[in-house]
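**Q** My questions will all concern the structure given below.
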Amino acid sequence: MKKTAELNLPDKENWGSRLGVVLAVAGSAVGLGNFLRFPGTAVNNGGGAFMIPYIISFILLGIPIAWCEWTIGRLGGRYGQNNAPGIMFALWRRAPAKVIGTMTVLIPVLVYVYYVLLEALCLRYAVEFFSGGFADTFQQAAAAGGSDVSSAVTEASSSFAKRSFGMAENGAMFGTEMLWYVLICFACNFVIIYRGITRGIETFCKIAMPLLVLCAIAILIRVLTLDNVVEGRTISSGLGFMWNPDWAKLWEPEVWLRAAGQIFFSLSVGFGLILCYSSYLRSDDDVVLSSLSASSTNEFCEVVLGGLIIVPTAFLFLGPGNTPDSTFALGFFTVPAIMHFMPGGSFFGGMWFGLLFLAAVTSSISMLQPATAFLEDGFGLKRRASVTILSMFTLAGASLVMYFSENLAALDFTDFWCEFMMIVAALGQVIIFGWVIGAERAFAETRRGAELKIPTFMPFVVRYITPTFLIVVLGMWCYFNGPDRLKKMSPSLQGDLAMRSVYEAAISAHFPDADDDALNTHVTKILGEGVSITAAIDLLPAWLRQVDEQATQARVPAERTASVARFVFVAIIILFLLMLGLADMACRGRIGKVIKQAEDVGVGLEEVA
Ligand code: PFF
């Protein structure tokens, strides 16, 4: 029996062109992950050597999972479904399908509530550069900074970012101009979503993607032609600093974990966006080449544009010690400072943050469309209602992340749990593709309308290698991050740790000549073993008791951060359960009915001989 029918619902939307869908998926993939997260991760994890686990992850995770997602999405579209729970349920009438489907709606929404804040910060920085605000701030800092001008400017840049983001105190972000930028970003993103697939997403991505690539190329040319601006440092030594391989890093399992994590985040594969976008394809639209085109666009933007711009330039102007570990610090403390030193930096800085803003918008809209589609397909809501509900919901979420901004606590923890769910959701999708549908049958569906041949070993890869790799990644992820993150959710433990570190610092100042071993002995003798202070506080030596008050004060923010971590964890679980309930209701109701109609007109998988 050949089943190639398609359910044509009256208000079904489709992409206008192949270029449109490729640019939309590439737009989702190309974002802050490419231009900020990749260079920071690569330089801190072995430089050129990082590319080995990265390329292996790209081949064994990125490409196969993207093909699975494009195929499952296009197939789900034939059942009249553009929402992940409906698509999964159409293919597998079991509870786990609803669970995975729910995750793939929830993850993008959760990522959105913090990602939009970074988008707003990029917009603010672009305005600040173009309007000359940064030039004034940095000039003043440089003039007051004495001989160490680079540190003075970097310091001014970091305090601007910390103030904008309210990092010193919860709630502080509400008092800054950031609020307006966040609202502008919300308006931009939701207007595009409201206009729909072709008039909104496709039209915007067709303009934004070429524009941002052109801007990035212009900046790259500027950067690569910078030479001899700083005594003794050349741009080629900056490229060497970024890319010279540190082979020893390959023996560290965390490096492999970070490479796999980067591939997921950057390609946006495995957690529902491509699923949603590809459900708007027609049944014979090519998915093999489109998927590869979108992925290669992402890799070009990541490795070539992201990999050659920031870190080499930071090396050139600020020296080797200024590539911080965190994406946030690299992007928002370091980059503005290097733009200040670069000839024409105000213009190039504005252009850089402008392109980051565009890249963030094309990613943000892809995070909103899956939930919009879920509200529409699952409950029959009109576009206006679904967009209004989602905007209110995400605004409430973003407000919480904005409020709990001290040390970026809410942002950091939300990102952390999203990464975990991304791996689980990707594993779920690969299992549905390779085992529930069956890899051979599923790839027969992938091949429909394809111009390129899929390698014959691909079914084997998707059935065995990709899931095994994902299980190993998940295991490593839990092993390396789990215990530490669980501890971070305990206010009393975090309070103890903060107090202890104040006493430890005082002990180290009291014995300035002690080496590490001797210092450890002093610490254990005075404070006892473990994390808290096991010796009774009143028994501490008098010279140490001088920092009592400082230690008690250090407790408070540490306890607060741990409470935020706990709150984020509980909130995500509650949200997940609520969404699962909604997905279940929809699958029993409207979604189930439409799937039945589709089956009645003969929609299904082609049987392979
Ligand atoms: N791929 C995007 C980036 O590299 O910035 C990030 C992203 C987009 C993450 C969409 C999650 C998501 F749902």
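The way I read the labels, and the way they are meant: chains A, B, ... in the order of the structure tokens, residue 1 as the first residue of every chain, and ligand 1 as the first ligand shown, with later ones counted on from there.
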Taking only residues of chain A that have an atom at most 8 Å from an atom of ligand 1, what is each one's shortest atom pair and its distance in Å to one decimal, using only C-alpha atoms and all ligand atoms, in chain and number order, as JSON lines?
**A**
{"residue": "A:Ser28", "atom": "CA", "partner": "ligand 1", "partner_atom_place_in_ligand_line": "8 (C)", "distance": 5.3}
{"residue": "A:Ala29", "atom": "CA", "partner": "ligand 1", "partner_atom_place_in_ligand_line": "1 (N)", "distance": 3.7}
{"residue": "A:Val30", "atom": "CA", "partner": "ligand 1", "partner_atom_place_in_ligand_line": "4 (O)", "distance": 5.0}
{"residue": "A:Gly31", "atom": "CA", "partner": "ligand 1", "partner_atom_place_in_ligand_line": "5 (O)", "distance": 3.2}
{"residue": "A:Leu32", "atom": "CA", "partner": "ligand 1", "partner_atom_place_in_ligand_line": "5 (O)", "distance": 3.9}
{"residue": "A:Gly33", "atom": "CA", "partner": "ligand 1", "partner_atom_place_in_ligand_line": "4 (O)", "distance": 3.3}
{"residue": "A:Asn34", "atom": "CA", "partner": "ligand 1", "partner_atom_place_in_ligand_line": "4 (O)", "distance": 5.0}
{"residue": "A:Phe35", "atom": "CA", "partner": "ligand 1", "partner_atom_place_in_ligand_line": "4 (O)", "distance": 7.9}
{"residue": "A:Arg37", "atom": "CA", "partner": "ligand 1", "partner_atom_place_in_ligand_line": "4 (O)", "distance": 7.8}
{"residue": "A:Ile107", "atom": "CA", "partner": "ligand 1", "partner_atom_place_in_ligand_line": "13 (F)", "distance": 6.6}
{"residue": "A:Pro108", "atom": "CA", "partner": "ligand 1", "partner_atom_place_in_ligand_line": "13 (F)", "distance": 4.0}
{"residue": "A:Val109", "atom": "CA", "partner": "ligand 1", "partner_atom_place_in_ligand_line": "13 (F)", "distance": 7.5}
{"residue": "A:Val111", "atom": "CA", "partner": "ligand 1", "partner_atom_place_in_ligand_line": "11 (C)", "distance": 5.8}
{"residue": "A:Tyr112", "atom": "CA", "partner": "ligand 1", "partner_atom_place_in_ligand_line": "13 (F)", "distance": 7.2}
{"residue": "A:Phe264", "atom": "CA", "partner": "ligand 1", "partner_atom_place_in_ligand_line": "1 (N)", "distance": 7.7}
{"residue": "A:Phe265", "atom": "CA", "partner": "ligand 1", "partner_atom_place_in_ligand_line": "9 (C)", "distance": 5.1}
{"residue": "A:Ser266", "atom": "CA", "partner": "ligand 1", "partner_atom_place_in_ligand_line": "4 (O)", "distance": 3.6}
{"residue": "A:Leu267", "atom": "CA", "partner": "ligand 1", "partner_atom_place_in_ligand_line": "1 (N)", "distance": 5.2}
{"residue": "A:Ser268", "atom": "CA", "partner": "ligand 1", "partner_atom_place_in_ligand_line": "1 (N)", "distance": 4.5}
{"residue": "A:Phe271", "atom": "CA", "partner": "ligand 1", "partner_atom_place_in_ligand_line": "13 (F)", "distance": 7.0}
{"residue": "A:Gly272", "atom": "CA", "partner": "ligand 1", "partner_atom_place_in_ligand_line": "13 (F)", "distance": 7.5}
{"residue": "A:Leu273", "atom": "CA", "partner": "ligand 1", "partner_atom_place_in_ligand_line": "13 (F)", "distance": 6.3}
{"residue": "A:Ala359", "atom": "CA", "partner": "ligand 1", "partner_atom_place_in_ligand_line": "5 (O)", "distance": 7.5}
{"residue": "A:Ala360", "atom": "CA", "partner": "ligand 1", "partner_atom_place_in_ligand_line": "5 (O)", "distance": 6.7}
{"residue": "A:Ser363", "atom": "CA", "partner": "ligand 1", "partner_atom_place_in_ligand_line": "8 (C)", "distance": 4.8}
{"residue": "A:Ser364", "atom": "CA", "partner": "ligand 1", "partner_atom_place_in_ligand_line": "10 (C)", "distance": 6.5}
{"residue": "A:Ser366", "atom": "CA", "partner": "ligand 1", "partner_atom_place_in_ligand_line": "10 (C)", "distance": 6.2}
{"residue": "A:Met367", "atom": "CA", "partner": "ligand 1", "partner_atom_place_in_ligand_line": "13 (F)", "distance": 4.8}
**Q** Just list the residues in range 295-343 of chain A DSSP gives alpha helix (DSSP H) on the backbone, as a list in words.
**A**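 Of range 295-343 of chain A, only Ser295, Ser296, Thr297, Asn298, Glu299, Gly307, Leu308, Ile309, Ile310, Val311, Pro312, Thr313, Ala314, Phe315, Leu316, Phe317, Leu318, Thr327, Phe328, Ala329, Val335, Pro336, Ala337, Ile338, Met339, His340 and Phe341 of chain A fall in alpha helix (DSSP H).
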**Q** Since we have the selection now, will you write its residues out, keeping C-alpha atoms, as a CSV table (one decimal), in the first residue's frame?
**A**
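The result, written out as again-v7.csv:
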chain,number,residue,atom,x,y,z
A,295,SER,CA,23.5,23.3,8.7
A,296,SER,CA,26.3,24.4,6.4
A,297,THR,CA,25.2,28.0,6.6
A,298,ASN,CA,25.3,27.7,10.4
A,299,GLU,CA,28.8,26.2,10.3
A,307,GLY,CA,35.8,31.7,15.0
A,308,LEU,CA,37.9,34.4,13.3
A,309,ILE,CA,36.5,37.6,14.7
A,310,ILE,CA,36.3,38.0,18.4
A,311,VAL,CA,39.1,36.1,20.1
A,312,PRO,CA,41.9,37.0,17.7
A,313,THR,CA,40.9,40.7,18.0
A,314,ALA,CA,40.7,40.5,21.8
A,315,PHE,CA,44.2,39.0,21.7
A,316,LEU,CA,45.4,41.8,19.5
A,317,PHE,CA,44.1,44.7,21.6
A,318,LEU,CA,43.9,43.3,25.1
A,327,THR,CA,29.9,33.8,26.9
A,328,PHE,CA,28.3,36.7,28.6
A,329,ALA,CA,31.6,38.2,29.7
A,335,VAL,CA,33.9,42.9,22.8
A,336,PRO,CA,32.9,46.6,23.5
A,337,ALA,CA,36.3,47.2,24.9
A,338,ILE,CA,38.1,45.9,21.8
A,339,MET,CA,35.8,47.9,19.5
A,340,HIS,CA,36.9,51.0,21.4
A,341,PHE,CA,40.5,50.3,20.5
**Q** Which residue is closest to Thr394 in chain A? Choose from A:Ile573, A:Leu9, A:Leu368, A:Leu281 and count only C-alpha atoms.
**A**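 The closest residue to Thr394 in chain A is A:Leu368.
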